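Taking it in order: structure first as structure tokens, then the write-up.
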Amino acid sequence: MTIELENARRQVAEYAMALDLLAGLSQSDSEKQAVENIIEVFSVLFSPKTIRYAPIDSEGRSKSPPQQPSVQDEEPTHDSPSVFAGNFIWTASGRGFCVKISHKGAPLGIILIDEIAFPVHKEQYLNLALSLVEMCGLAIANARKKEELLAAKKLLEQEKEKLEQALAQVRQLSGLLPICMHCKKIRDDEGYWNKIEMYIAKHSEVTFSHGICEECINTHYPEYNLE
């Protein structure tokens, strides 16, 4: 009875500690930070010698499997469609486990916890880990959404900057332009008179190629009268 009571107290303390540690996961701004916080949580709870995390891609494959875990009748490989079929698997040492971190049924990653400090309690530690993985998955999913939103915001800001630059160029050629009534030169903001083609080329992306109209040919080159 005393042993059972002591185990119950220890489990309550472990869950309370886990909840306190998990409270900070929601503040993760990136997937990397979320994973680092998750590793810290499991490190504090289980004091393992080895703890690693590997993300799972959209096809259910581990991008960088944390190790080659094995059980009596199952030994996953790097080429396995999924590292293991269920939610967990015991490590080959018998002193730890791998658990899947999921969100809404979609696996996001695998965390390996091996050589735990008190392997006699590994069943209880596994149950505790399995009770936390959904919250860990939520933290990773939220961090991914934050990263996507930040990337979208950055792209919008870049597009906004491009539009503002384009509008600035358009505005440079709007409004009232002082132009000479005889030579058609334009006076700029500094008071200098510029040829109209030079002014427009400077304040826009327009380039000029010169020609001559029929009226000017008749006026300036009557010997080439085209009439």
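Chain lettering (A, B, ...) mirrors the order of the structure tokens, residue numbering begins at 1 for each chain separately, and ligand numbering begins at 1 in order of display.
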
* Asked: Which parts of stretch 127-186 of chain A does DSSP call alpha helix (DSSP H) when run on the backbone here, written out as a VMD selection string?
  -> chain A and resid 127 to 172

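Excluding A:Ser26 itself and any same-chain residue fewer than 4 positions from it, the protein and nucleic acid residues within 9 Å of it, counting only C-alpha atoms, are A:Leu22, A:Ala34, A:Leu138, A:Ala139, A:Ile140, A:Asn142, A:Ala143.
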
Can you write out the residues you just picked, keeping C-alpha atoms, as an mmCIF file, in the first residue's frame?
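Below is the file result24.cif, written as the result:
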data_model
loop_
_atom_site.group_PDB
_atom_site.id
_atom_site.type_symbol
_atom_site.label_atom_id
_atom_site.label_comp_id
_atom_site.auth_asym_id
_atom_site.auth_seq_id
_atom_site.Cartn_x
_atom_site.Cartn_y
_atom_site.Cartn_z
ATOM 1 C CA LEU A 22 4.683 22.185 -21.689
ATOM 2 C CA ALA A 34 9.521 23.954 -30.611
ATOM 3 C CA LEU A 138 0.216 20.888 -31.464
ATOM 4 C CA ALA A 139 3.258 22.994 -30.555
ATOM 5 C CA ILE A 140 5.125 21.899 -33.705
ATOM 6 C CA ASN A 142 1.489 25.914 -34.492
ATOM 7 C CA ALA A 143 5.176 26.776 -34.951
#

Counting only C-alpha atoms, the residue among A:Ile217, A:Asp29, A:Ser102, A:Ile113 that lies closest to A:Val44 is A:Ile113

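If only C-alpha atoms are the atoms counted, then among A:Gly86, A:Ile110, A:Pro119, A:Gly94 the closest residue to A:Ser47 is A:Pro119.
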
Restricting to only C-alpha atoms, whichever of A:Pro48, A:Lys146, A:Ala54, A:Lys153 is closest to A:Ile116 is A:Pro48

Judged by only C-alpha atoms, the minimum distance to A:Ile38 among A:Lys104, A:Ile89, A:Ala117, A:Met135 is found for A:Met135

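Take the candidates A:Phe46, A:Tyr221, A:Tyr192, A:Phe208 and check each one against A:Tyr125 using only C-alpha atoms; the shortest distance goes to A:Phe46.
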
_Neighbouring residues of A:Ile179 were defined as those with any atom within 12 Å, considering only C-alpha atoms; residues of the same chain fewer than 3 positions away were excluded. Please report them as a PyMOL selection string._
chain A and resi 176+182-188+191-196+199

Which polymer residues have any atom within 8 Å of an atom of A:Cys98, counting only C-alpha atoms, with same-chain residues fewer than 2 positions away left out, as a ChimeraX atom specification?
/A:69,88-91,96,100,110-113

Students should find that atom CA of A:Lys145 and atom CA of A:Ser28 are spaced 10.9 Å

Using only C-alpha atoms, pick whichever of A:His203, A:His210, A:Lys122, A:Arg52 has the shortest atom-to-atom distance to A:Ala168.
->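 For A:Ala168, the nearest of the given residues is A:His203.
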